[in-house]
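K.L.:
Contents are mmCIF, C-alpha atoms; file name input-v2.cif:
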```cif
data_run
#
loop_
_atom_site.label_atom_id
_atom_site.label_comp_id
_atom_site.auth_asym_id
_atom_site.auth_seq_id
_atom_site.Cartn_x
_atom_site.Cartn_y
_atom_site.Cartn_z
CA MET R 1 3.09 -68.22 19.76
CA ASP R 2 -0.13 -70.27 19.97
CA ARG R 3 -0.08 -70.09 23.76
CA LEU R 4 0.38 -66.28 23.61
CA SER R 5 -2.57 -65.97 21.20
CA GLU R 6 -4.75 -68.02 23.55
CA GLN R 7 -3.78 -65.80 26.48
CA ILE R 8 -4.59 -62.60 24.53
CA GLU R 9 -7.94 -63.99 23.40
CA ALA R 10 -8.84 -65.09 26.93
CA SER R 11 -7.92 -61.67 28.31
CA LEU R 12 -10.00 -59.85 25.72
CA THR R 13 -13.10 -61.89 26.58
CA THR R 14 -12.91 -60.67 30.18
CA LEU R 15 -12.65 -56.95 29.37
CA ALA R 16 -15.67 -54.75 30.05
CA ASP R 17 -17.01 -52.50 27.29
CA TYR R 18 -17.97 -49.78 29.79
CA GLN R 19 -17.65 -48.94 33.49
CA VAL R 20 -20.40 -48.70 36.11
CA SER R 21 -19.77 -47.03 39.44
CA GLY R 22 -21.55 -46.17 42.67
CA LYS R 23 -20.72 -44.66 46.06
CA VAL R 24 -20.45 -45.93 49.61
CA THR R 25 -23.48 -44.85 51.67
CA ARG R 26 -22.87 -46.80 54.88
CA VAL R 27 -20.27 -48.96 56.65
CA ARG R 28 -21.33 -51.37 59.39
CA GLY R 29 -18.46 -53.42 60.74
CA LEU R 30 -17.29 -55.40 57.71
CA LEU R 31 -20.48 -54.74 55.77
CA VAL R 32 -20.43 -51.92 53.21
CA GLU R 33 -23.52 -50.48 51.54
CA ILE R 34 -23.31 -48.81 48.13
CA ALA R 35 -25.89 -47.07 45.94
CA GLY R 36 -26.01 -45.67 42.41
CA PHE R 37 -25.30 -48.88 40.49
CA GLY R 38 -28.60 -49.26 38.64
CA ASN R 39 -29.34 -52.83 37.57
CA ASP R 40 -25.74 -53.86 37.03
CA LEU R 41 -25.15 -55.91 40.19
CA ALA R 42 -26.09 -59.40 41.35
CA VAL R 43 -25.10 -61.57 44.29
CA GLY R 44 -21.51 -62.63 43.69
CA SER R 45 -20.59 -59.56 41.60
CA ARG R 46 -17.20 -57.98 42.25
CA VAL R 47 -16.78 -54.33 43.22
CA ARG R 48 -13.60 -52.34 43.87
CA LEU R 49 -13.70 -49.52 46.40
CA ARG R 50 -11.25 -46.69 45.79
CA PRO R 51 -10.58 -44.81 49.04
CA ALA R 52 -7.52 -43.17 47.46
CA ARG R 53 -6.20 -42.67 43.93
CA ASP R 54 -3.71 -45.54 44.09
CA GLU R 55 -5.61 -47.84 46.44
CA GLU R 56 -8.33 -50.39 45.80
CA VAL R 57 -10.28 -52.66 48.15
CA PRO R 58 -11.78 -55.66 46.33
CA CYS R 59 -15.25 -56.60 47.58
CA GLU R 60 -18.06 -58.99 46.70
CA VAL R 61 -21.81 -58.44 46.71
CA VAL R 62 -23.40 -60.68 49.36
CA GLY R 63 -26.95 -59.27 49.33
CA PHE R 64 -29.28 -56.33 48.79
CA ASP R 65 -31.34 -54.11 51.05
CA GLU R 66 -33.96 -52.21 49.07
CA ASP R 67 -31.97 -50.00 46.64
CA ARG R 68 -28.57 -50.63 48.24
CA ALA R 69 -26.05 -53.41 47.59
CA LEU R 70 -24.36 -55.08 50.57
CA LEU R 71 -20.65 -55.79 50.13
CA MET R 72 -18.00 -57.60 52.13
CA PRO R 73 -14.28 -56.92 51.56
CA PHE R 74 -11.49 -59.35 50.70
CA GLY R 75 -9.10 -57.20 52.74
CA ASN R 76 -9.46 -54.47 55.37
CA LEU R 77 -11.57 -51.34 55.02
CA GLU R 78 -8.98 -48.83 56.14
CA GLY R 79 -9.61 -45.49 54.45
CA VAL R 80 -13.13 -46.38 53.24
CA GLY R 81 -15.79 -43.83 54.19
CA LEU R 82 -19.01 -42.22 53.00
CA GLY R 83 -18.84 -41.28 49.36
CA THR R 84 -15.91 -43.58 48.54
CA PRO R 85 -16.19 -44.44 44.81
CA ALA R 86 -17.16 -48.04 44.01
CA VAL R 87 -16.31 -49.41 40.57
CA ILE R 88 -18.26 -52.45 39.46
CA GLU R 89 -16.51 -55.26 37.57
CA ARG R 90 -18.57 -56.37 34.61
CA THR R 91 -17.15 -59.89 34.34
CA ARG R 92 -17.63 -62.90 36.56
CA PRO R 93 -14.63 -64.02 38.64
CA VAL R 94 -12.38 -66.41 36.71
CA ILE R 95 -8.84 -67.74 36.91
CA PHE R 96 -6.43 -68.84 34.18
CA PRO R 97 -4.63 -71.95 35.48
CA ASP R 98 -1.60 -73.35 33.73
CA ASP R 99 0.55 -76.48 34.05
CA ARG R 100 3.34 -74.21 35.28
CA TRP R 101 1.33 -73.60 38.46
CA LEU R 102 2.65 -76.94 39.71
CA GLY R 103 5.14 -76.40 42.52
CA ARG R 104 3.67 -72.98 43.37
CA VAL R 105 1.99 -71.56 46.49
CA ILE R 106 -0.75 -68.97 45.88
CA ASN R 107 -3.34 -67.06 47.90
CA GLY R 108 -7.13 -66.99 47.56
CA MET R 109 -6.96 -64.32 44.84
CA GLY R 110 -4.70 -66.48 42.68
CA GLU R 111 -1.59 -64.41 43.44
CA PRO R 112 1.80 -66.03 44.17
CA ILE R 113 3.03 -65.89 47.79
CA ASP R 114 6.09 -68.13 47.48
CA GLY R 115 8.57 -65.52 46.23
CA LYS R 116 9.12 -67.39 42.94
CA GLY R 117 7.92 -64.63 40.65
CA MET R 118 4.72 -64.09 38.71
CA LEU R 119 2.33 -66.92 37.93
CA SER R 120 2.02 -68.05 34.33
CA ARG R 121 -1.36 -67.24 32.83
CA GLY R 122 -3.10 -70.05 31.00
CA GLY R 123 -5.24 -69.66 27.92
CA HIS R 124 -8.49 -71.05 29.31
CA ALA R 125 -10.70 -69.21 31.82
CA MET R 126 -12.08 -71.31 34.70
CA PRO R 127 -14.98 -69.81 36.71
CA LEU R 128 -14.31 -69.73 40.43
CA ARG R 129 -17.87 -70.73 41.24
CA ASN R 130 -18.34 -73.32 38.54
CA LYS R 131 -21.37 -75.58 38.40
CA PRO R 132 -20.91 -79.31 39.11
CA PRO R 133 -20.95 -81.50 35.98
CA GLU R 134 -24.36 -82.80 34.91
CA PRO R 135 -25.02 -86.19 36.55
CA HIS R 136 -25.89 -87.93 33.27
CA SER R 137 -22.66 -86.74 31.60
CA ARG R 138 -20.24 -88.04 34.22
CA GLN R 139 -18.13 -91.15 34.02
CA ARG R 140 -18.40 -93.75 36.76
CA ILE R 141 -15.77 -93.85 39.50
CA GLY R 142 -12.59 -95.66 38.49
CA GLU R 143 -9.95 -98.02 39.82
CA LYS R 144 -8.26 -97.99 43.22
CA LEU R 145 -6.04 -95.00 43.96
CA ASP R 146 -2.85 -95.82 45.85
CA LEU R 147 -2.33 -93.21 48.58
CA GLY R 148 0.70 -94.80 50.24
CA VAL R 149 -0.99 -95.08 53.68
CA ARG R 150 -1.55 -98.66 54.88
CA ALA R 151 -4.61 -98.00 57.04
CA VAL R 152 -6.38 -96.24 54.15
CA ASN R 153 -5.25 -98.49 51.31
CA CYS R 154 -6.26 -101.70 53.08
CA PHE R 155 -9.14 -100.80 55.41
CA LEU R 156 -10.65 -97.79 53.61
CA PRO R 157 -9.75 -98.08 49.91
CA ILE R 158 -10.37 -94.98 47.81
CA VAL R 159 -11.04 -95.15 44.07
CA ARG R 160 -10.49 -92.48 41.42
CA GLY R 161 -13.26 -89.91 41.55
CA GLN R 162 -14.39 -90.77 45.07
CA ARG R 163 -14.92 -88.08 47.74
CA MET R 164 -13.83 -88.86 51.29
CA GLY R 165 -13.87 -86.87 54.50
CA ILE R 166 -11.34 -86.96 57.33
CA PHE R 167 -13.17 -86.23 60.58
CA SER R 168 -11.20 -85.35 63.69
CA GLY R 169 -10.80 -82.90 66.52
CA SER R 170 -7.92 -80.45 66.63
CA GLY R 171 -4.41 -81.81 67.10
CA VAL R 172 -5.20 -85.42 66.19
CA GLY R 173 -3.06 -85.47 63.03
CA LYS R 174 -5.36 -84.90 60.05
CA SER R 175 -2.99 -82.39 58.39
CA VAL R 176 -0.10 -84.86 58.56
CA LEU R 177 -2.32 -87.61 57.11
CA LEU R 178 -3.32 -85.30 54.24
CA SER R 179 0.33 -84.48 53.55
CA MET R 180 1.24 -88.20 53.45
CA MET R 181 -1.48 -88.82 50.87
CA ALA R 182 -0.38 -85.83 48.78
CA ARG R 183 3.25 -86.96 48.86
CA TYR R 184 2.72 -90.66 48.12
CA THR R 185 -0.37 -90.67 45.88
CA GLU R 186 -0.14 -92.11 42.39
CA ALA R 187 -2.45 -89.34 41.13
CA ASP R 188 -0.95 -87.07 38.46
CA VAL R 189 -1.58 -83.80 40.30
CA SER R 190 -2.38 -82.72 43.87
CA VAL R 191 -4.27 -79.48 44.52
CA ILE R 192 -4.22 -78.59 48.21
CA GLY R 193 -6.35 -75.86 49.76
CA LEU R 194 -5.33 -74.70 53.25
CA VAL R 195 -8.44 -72.81 54.36
CA GLY R 196 -8.21 -70.88 57.62
CA GLU R 197 -4.86 -72.50 58.46
CA ARG R 198 -2.57 -71.13 61.15
CA GLY R 199 -0.02 -68.87 59.49
CA ARG R 200 3.01 -70.35 61.25
CA GLU R 201 2.07 -73.90 60.17
CA VAL R 202 1.88 -73.22 56.43
CA GLN R 203 5.64 -73.28 55.84
CA GLU R 204 6.02 -76.33 58.10
CA PHE R 205 3.37 -78.16 56.10
CA ILE R 206 4.99 -77.30 52.77
CA GLU R 207 8.62 -77.99 53.74
CA ASP R 208 8.40 -80.75 56.35
CA ASP R 209 5.16 -82.62 55.64
CA LEU R 210 4.66 -82.21 51.89
CA GLY R 211 8.37 -82.02 51.05
CA PRO R 212 10.06 -81.02 47.76
CA GLU R 213 8.88 -84.12 45.90
CA GLY R 214 5.28 -83.63 46.96
CA LEU R 215 5.34 -79.90 46.15
CA LYS R 216 6.76 -80.56 42.68
CA ARG R 217 3.45 -82.00 41.47
CA SER R 218 1.16 -79.91 43.68
CA VAL R 219 -0.53 -76.52 43.68
CA VAL R 220 -1.00 -75.17 47.22
CA ILE R 221 -3.67 -72.52 47.84
CA VAL R 222 -3.46 -70.73 51.20
CA ALA R 223 -5.86 -68.47 53.13
CA THR R 224 -4.77 -68.14 56.75
CA GLY R 225 -7.14 -67.74 59.69
CA ASP R 226 -6.46 -64.00 60.02
CA GLU R 227 -7.73 -63.28 56.49
CA SER R 228 -11.28 -62.18 55.73
CA ALA R 229 -14.18 -64.60 55.49
CA LEU R 230 -14.45 -63.93 51.74
CA MET R 231 -10.78 -64.77 51.22
CA ARG R 232 -11.10 -68.03 53.16
CA ARG R 233 -14.19 -69.03 51.19
CA GLN R 234 -12.57 -68.06 47.91
CA ALA R 235 -9.53 -70.25 48.65
CA ALA R 236 -11.86 -73.27 48.62
CA TYR R 237 -13.46 -72.15 45.33
CA LEU R 238 -10.02 -71.60 43.82
CA THR R 239 -8.92 -75.09 44.92
CA LEU R 240 -11.84 -76.69 43.06
CA ALA R 241 -11.45 -74.44 39.99
CA THR R 242 -7.76 -75.37 39.69
CA SER R 243 -8.63 -79.07 40.11
CA GLU R 244 -11.27 -78.77 37.38
CA TYR R 245 -8.69 -77.33 35.00
CA PHE R 246 -6.41 -80.34 35.41
CA ARG R 247 -9.38 -82.71 35.17
CA GLN R 248 -10.28 -81.16 31.81
CA GLN R 249 -6.71 -81.93 30.66
CA GLY R 250 -7.39 -85.62 31.29
CA ARG R 251 -5.35 -85.77 34.53
CA GLN R 252 -6.08 -87.77 37.66
CA VAL R 253 -6.33 -85.08 40.35
CA LEU R 254 -6.14 -85.46 44.12
CA CYS R 255 -7.99 -82.44 45.55
CA MET R 256 -7.61 -81.73 49.27
CA ILE R 257 -9.17 -79.04 51.46
CA ASP R 258 -8.12 -78.54 55.07
CA SER R 259 -10.66 -77.80 56.37
CA LEU R 260 -14.30 -77.75 55.29
CA THR R 261 -15.29 -76.60 58.76
CA ARG R 262 -13.38 -73.34 58.33
CA PHE R 263 -15.00 -72.90 54.90
CA ALA R 264 -18.39 -73.34 56.59
CA MET R 265 -17.43 -70.86 59.32
CA ALA R 266 -16.46 -68.32 56.67
CA GLN R 267 -19.81 -68.82 54.95
CA ARG R 268 -21.52 -68.40 58.32
CA GLU R 269 -19.81 -65.03 58.82
CA ILE R 270 -20.86 -63.91 55.34
CA GLY R 271 -24.45 -65.12 55.70
CA LEU R 272 -25.00 -63.58 59.13
CA SER R 273 -23.49 -60.27 57.99
CA ALA R 274 -25.89 -60.24 55.03
CA GLY R 275 -28.84 -60.68 57.40
CA GLU R 276 -29.57 -64.40 57.08
CA PRO R 277 -31.28 -66.03 60.07
CA PRO R 278 -29.10 -68.39 62.13
CA THR R 279 -30.40 -71.96 62.21
CA SER R 280 -28.43 -74.99 63.39
CA LYS R 281 -25.70 -73.86 65.84
CA GLY R 282 -25.71 -70.40 64.31
CA TYR R 283 -25.12 -71.60 60.73
CA PRO R 284 -27.46 -69.90 58.22
CA PRO R 285 -29.24 -72.02 55.58
CA THR R 286 -26.88 -71.04 52.74
CA THR R 287 -23.95 -72.73 54.52
CA PHE R 288 -25.26 -76.21 53.83
CA GLY R 289 -26.19 -75.39 50.24
CA GLU R 290 -22.70 -73.98 49.59
CA LEU R 291 -21.12 -77.12 51.07
CA ALA R 292 -23.10 -79.34 48.70
CA ARG R 293 -22.27 -77.19 45.65
CA LEU R 294 -18.58 -77.17 46.51
CA LEU R 295 -18.28 -80.91 47.12
CA GLU R 296 -20.34 -81.92 44.09
CA ARG R 297 -17.76 -80.24 41.84
CA ALA R 298 -15.30 -83.03 42.69
CA GLY R 299 -15.63 -86.50 41.21
CA PRO R 300 -15.33 -88.01 37.72
CA GLY R 301 -15.48 -85.76 34.68
CA ALA R 302 -17.15 -86.27 31.33
CA PRO R 303 -15.91 -89.01 28.97
CA GLY R 304 -12.40 -88.15 27.79
CA GLU R 305 -11.63 -86.13 30.92
CA GLY R 306 -9.85 -87.18 34.10
CA SER R 307 -11.33 -87.27 37.57
CA ILE R 308 -11.03 -85.36 40.84
CA THR R 309 -10.58 -87.55 43.89
CA GLY R 310 -11.58 -85.36 46.82
CA ILE R 311 -10.25 -85.71 50.37
CA PHE R 312 -11.70 -83.08 52.68
CA SER R 313 -10.92 -82.66 56.35
CA VAL R 314 -13.63 -81.73 58.83
CA LEU R 315 -12.56 -80.16 62.12
CA VAL R 316 -15.05 -81.72 64.54
CA GLU R 317 -16.04 -79.14 67.16
CA GLY R 318 -15.74 -80.47 70.71
CA ASP R 319 -15.04 -83.98 69.32
CA ASP R 320 -18.77 -84.22 68.61
CA HIS R 321 -19.08 -86.16 65.36
CA ASN R 322 -22.79 -85.33 65.14
CA GLU R 323 -22.38 -81.55 65.07
CA PRO R 324 -24.10 -79.85 62.08
CA ILE R 325 -21.17 -79.55 59.66
CA SER R 326 -19.95 -83.12 60.24
CA ASP R 327 -23.49 -84.42 59.82
CA ALA R 328 -24.05 -82.45 56.61
CA VAL R 329 -20.73 -83.44 55.02
CA ARG R 330 -21.22 -87.14 55.80
CA GLY R 331 -24.48 -87.04 53.86
CA ILE R 332 -22.79 -85.59 50.75
CA ILE R 333 -19.51 -87.47 50.40
CA ASP R 334 -18.70 -91.11 49.60
CA GLY R 335 -17.22 -92.22 52.90
CA HIS R 336 -15.52 -90.93 56.03
CA ILE R 337 -12.25 -91.51 57.84
CA VAL R 338 -12.67 -91.02 61.60
CA MET R 339 -9.59 -90.07 63.60
CA ASP R 340 -9.89 -90.72 67.33
CA ARG R 341 -8.19 -88.68 70.05
CA LYS R 342 -7.97 -91.75 72.31
CA ILE R 343 -5.96 -93.59 69.64
CA ALA R 344 -3.67 -90.56 69.25
CA ASP R 345 -3.24 -90.36 73.03
CA ARG R 346 -1.84 -93.90 73.09
CA GLY R 347 0.70 -92.93 70.43
CA ARG R 348 -0.62 -94.65 67.31
CA TYR R 349 -0.49 -92.41 64.23
CA PRO R 350 -2.33 -91.99 61.95
CA ALA R 351 -5.02 -92.24 64.63
CA ILE R 352 -7.66 -93.78 62.34
CA ASP R 353 -10.51 -95.72 63.94
CA VAL R 354 -11.00 -98.36 61.27
CA LEU R 355 -14.26 -99.64 62.80
CA LYS R 356 -16.01 -96.25 62.79
CA SER R 357 -14.70 -95.32 59.33
CA VAL R 358 -16.47 -96.23 56.10
CA SER R 359 -15.54 -96.26 52.41
CA ARG R 360 -18.58 -96.51 50.16
CA SER R 361 -16.46 -97.94 47.36
CA LEU R 362 -16.37 -101.28 49.19
CA PRO R 363 -16.59 -104.14 48.38
CA LYS R 364 -16.16 -103.37 44.65
CA ALA R 365 -12.86 -101.55 45.19
CA LEU R 366 -11.10 -104.78 46.27
CA ASN R 367 -10.81 -108.24 44.77
CA ASP R 368 -12.20 -111.33 46.54
CA GLU R 369 -8.92 -112.20 48.27
CA GLN R 370 -8.43 -108.66 49.56
CA ASN R 371 -12.04 -108.46 50.76
CA ALA R 372 -11.56 -111.73 52.67
CA LEU R 373 -8.43 -110.37 54.38
CA LEU R 374 -10.17 -107.11 55.24
CA LYS R 375 -13.22 -108.91 56.66
CA ARG R 376 -11.06 -111.15 58.85
CA ALA R 377 -8.88 -108.28 60.08
CA LYS R 378 -11.96 -106.23 61.05
CA ARG R 379 -13.41 -109.25 62.86
CA VAL R 380 -10.20 -109.57 64.90
CA VAL R 381 -10.23 -105.87 65.84
CA THR R 382 -13.94 -105.96 66.71
CA THR R 383 -13.56 -109.08 68.87
CA TYR R 384 -10.63 -107.61 70.79
CA GLU R 385 -12.26 -104.22 71.38
CA ASP R 386 -15.50 -105.86 72.55
CA MET R 387 -13.51 -107.82 75.16
CA ALA R 388 -10.86 -105.17 75.88
CA GLU R 389 -12.17 -104.24 79.32
CA LEU R 390 -12.28 -107.85 80.52
CA ILE R 391 -8.82 -108.52 79.07
CA ARG R 392 -7.31 -105.49 80.82
CA LEU R 393 -8.90 -106.45 84.14
CA GLY R 394 -7.62 -110.02 83.82
CA ALA R 395 -11.18 -111.37 83.93
CA TYR R 396 -10.82 -113.28 80.66
CA ARG R 397 -9.25 -116.74 80.90
CA ARG R 398 -7.32 -117.91 77.83
CA GLY R 399 -8.89 -120.92 76.14
CA SER R 400 -12.44 -119.87 76.92
CA ASP R 401 -13.11 -118.66 73.36
CA PRO R 402 -10.83 -119.41 70.39
CA LYS R 403 -11.92 -116.20 68.60
CA VAL R 404 -10.91 -114.06 71.57
CA ASP R 405 -7.64 -116.00 71.91
CA GLU R 406 -6.86 -115.27 68.27
CA ALA R 407 -7.75 -111.59 68.74
CA ILE R 408 -5.41 -111.31 71.74
CA GLU R 409 -2.64 -112.81 69.62
CA LEU R 410 -3.19 -110.69 66.50
CA TYR R 411 -4.49 -107.35 67.77
CA PRO R 412 -1.07 -105.89 68.74
CA LYS R 413 0.30 -106.85 65.31
CA ILE R 414 -2.64 -105.19 63.52
CA GLU R 415 -2.18 -102.08 65.68
CA ALA R 416 1.50 -101.98 64.65
CA PHE R 417 0.41 -102.41 61.01
CA LEU R 418 -1.98 -99.44 61.26
CA ALA R 419 0.77 -97.21 62.68
CA GLN R 420 2.91 -95.51 60.04
CA ASN R 421 5.63 -92.88 60.13
CA LYS R 422 4.98 -89.86 57.90
CA ASN R 423 8.20 -90.58 55.96
CA GLU R 424 7.17 -94.19 55.25
CA GLN R 425 5.27 -95.30 52.15
CA THR R 426 3.41 -98.58 51.61
CA THR R 427 1.72 -99.54 48.34
CA ILE R 428 -1.61 -101.37 48.14
CA ALA R 429 0.06 -104.67 47.21
CA GLU R 430 2.65 -104.38 49.98
CA GLY R 431 -0.03 -103.51 52.54
CA PHE R 432 -2.20 -106.53 51.80
CA ALA R 433 0.87 -108.80 51.73
CA ILE R 434 1.85 -107.63 55.24
CA LEU R 435 -1.75 -107.93 56.49
CA GLY R 436 -1.99 -111.46 55.10
CA GLU R 437 1.22 -112.47 56.90
CA ILE R 438 -0.13 -111.08 60.16
CA LEU R 439 -3.43 -112.95 59.90
CA ASP R 440 -1.66 -116.19 58.92
CA SER R 441 0.58 -115.93 61.98
CA ALA R 442 -2.24 -116.96 64.34
CA PRO R 443 -1.72 -120.38 66.01
CA VAL R 444 -2.98 -123.11 63.68
CA LYS R 445 -4.88 -124.83 66.46
CA GLN R 446 -6.98 -121.76 67.17
CA VAL R 447 -7.70 -120.97 63.53
CA ARG R 448 -9.07 -124.49 62.97
CA ARG R 449 -11.57 -124.10 65.80
CA PHE R 450 -13.55 -121.25 64.11
#
```
Translate this structure into structure tokens?
P.N.:
Amino acid sequence: MDRLSEQIEASLTTLADYQVSGKVTRVRGLLVEIAGFGNDLAVGSRVRLRPARDEEVPCEVVGFDEDRALLMPFGNLEGVGLGTPAVIERTRPVIFPDDRWLGRVINGMGEPIDGKGMLSRGGHAMPLRNKPPEPHSRQRIGEKLDLGVRAVNCFLPIVRGQRMGIFSGSGVGKSVLLSMMARYTEADVSVIGLVGERGREVQEFIEDDLGPEGLKRSVVIVATGDESALMRRQAAYLTLATSEYFRQQGRQVLCMIDSLTRFAMAQREIGLSAGEPPTSKGYPPTTFGELARLLERAGPGAPGEGSITGIFSVLVEGDDHNEPISDAVRGIIDGHIVMDRKIADRGRYPAIDVLKSVSRSLPKALNDEQNALLKRAKRVVTTYEDMAELIRLGAYRRGSDPKVDEAIELYPKIEAFLAQNKNEQTTIAEGFAILGEILDSAPVKQVRRF
């Protein structure tokens, strides 16, 4: 009964006391101009076009041109023409998440697409475009978060409330790595946003990669690549809004978006359509501001709340890790995981380059013993890769340098340690135990000569 009362009260607060309408005056591609709305619109306002009695096309205001509002649709504009009525929504876009959303798959509008019936409506409204928490009111980042992936747990530890990026080109395995983390994480809830994903891969990701156990404690938000730019952008907003709901409940949330690049591309389409000037590689200025606002919403909450640990993939265009979106995201988040196509080509998955990757939670995230193991393991990998060309050519003679001899002995074992099947889970303690055994397996004579 209490839950029903909360739902009724929340619904009443979103009802408009009167209706404002206008008419379509121009359609240019996916940009619609309307007039006759007075002073009742602002950027971000919602408008519904009504080309027929029983049809509605939801739109959003993306700009203004003199006395006309510029809209972009969430769907297609079939049937929309001059004089089409436009009804203005008086309330800001909100969602009503609920614990019963766990295990569900929804679209960017918050509608179920998994065939499991209607979504339960919670009693608390969460704004889609919420502001990040005030810096002075946030908790500090917390303890280590076990993600079940050896390469991440040991070489790139992530703590509760941290934000990490996974940077890779297409087809290098970032989606599989994300699914492993979602399945094996010790976080209470996973909220996964698939932004601009290929339609045929969504079901594969949910059934094969995430699996029933992973889905049971996850909410999956999907906007495929064929959907409008507004829908793809909204899927990212919805992912963060849902994560913020669970954070307010005191939960530890793992929030994932695959990928931020497609979110940025959607924002580029919207900005250019609204008349913004293209700047870096065609991205308008608002793209980088929207990225910062989106990513800052993740992280620790206020005292008494939980935290959102964010893991966001970045699809690196042309394998150029210095392209504008990669460069901008690296400057916002708290570390980056670099996946290398060369490592994937030699068959080691996940194809993480542990030397080019950084976690800004180090060294505090690990204890002294773990930091010592990590430092030694990185030294071995660095030594081997510096000498790799000479070793392959046979130009290095064993015994010339004890450090290189040790690296030749241990490098294949560390490579095998970094490889992990997607159905295999390794805890933090297990990972460091295995890494310690590998490092202690070096010949005693060589270790003593350091």
K.L.:
Name the closest residue to Pro97 (chain R) among the candidates R:Ala241, R:Ala223, R:Leu70, R:Val27; distances are taken between atoms, counting only C-alpha atoms.
P.N.:
R:Ala241
K.L.:
Once you count all atoms listed in the file, which residues end up no further than 10 Å from (-7.1, -78.3, 50.9) in the file's frame, shown as JSON, numbers by chain?
P.N.:
{"R": [175, 178, 190, 191, 192, 193, 194, 195, 197, 219, 220, 221, 222, 235, 236, 239, 240, 254, 255, 256, 257, 258, 259, 260, 310, 311, 312, 313]}
K.L.:
Grab the CA of Glu134 (chain R) to CA of Arg247 (chain R) distance for me, in Å with one decimal place.
P.N.:
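CA of Arg247 (chain R) lies at a distance of 15.0 Å from CA of Glu134 (chain R).
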K.L.:
Counting only C-alpha atoms, what is within 12 Å of Asn322 (chain R), bar same-chain residues fewer than 6 positions away, as a ChimeraX atom specification?
P.N.:
/R:167-168,280-281,314-316,328-331
K.L.:
Give me the result of the PyMOL selection byres ((chain R and resi 38) around 12) on this file, residue by residue, as a CSV table (one decimal) with C-alpha atoms, keeping the file's coordinate frame.
P.N.:
```csv
chain,number,residue,atom,x,y,z
R,20,VAL,CA,-20.4,-48.7,36.1
R,21,SER,CA,-19.8,-47.0,39.4
R,22,GLY,CA,-21.6,-46.2,42.7
R,23,LYS,CA,-20.7,-44.7,46.1
R,34,ILE,CA,-23.3,-48.8,48.1
R,35,ALA,CA,-25.9,-47.1,45.9
R,36,GLY,CA,-26.0,-45.7,42.4
R,37,PHE,CA,-25.3,-48.9,40.5
R,39,ASN,CA,-29.3,-52.8,37.6
R,40,ASP,CA,-25.7,-53.9,37.0
R,41,LEU,CA,-25.2,-55.9,40.2
R,42,ALA,CA,-26.1,-59.4,41.4
R,67,ASP,CA,-32.0,-50.0,46.6
R,68,ARG,CA,-28.6,-50.6,48.2
R,69,ALA,CA,-26.0,-53.4,47.6
R,88,ILE,CA,-18.3,-52.4,39.5
```
K.L.:
Considering all atoms listed in the file, can you say which of R:Pro132, R:Gly196, R:Gly171, R:Pro157 comes closest to Gly108 (chain R)?
P.N.:
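Distance minimum relative to Gly108 (chain R) lands on R:Gly196.
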K.L.:
With a distance cut-off of 8 Å and only C-alpha atoms, select the neighbouring residues of Leu71 (chain R), excluding the residue or stretch itself and same-chain residues fewer than 3 positions from it, and output the selection as a count of residues only.
P.N.:
9
K.L.:
When distances are computed from all atoms listed in the file, which of R:Pro51, R:Gly169, R:Gly250, R:Pro58 shows the smallest separation from Gly79 (chain R)?
P.N.:
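Looking at the shortest contact to Gly79 (chain R), the residue is R:Pro51.
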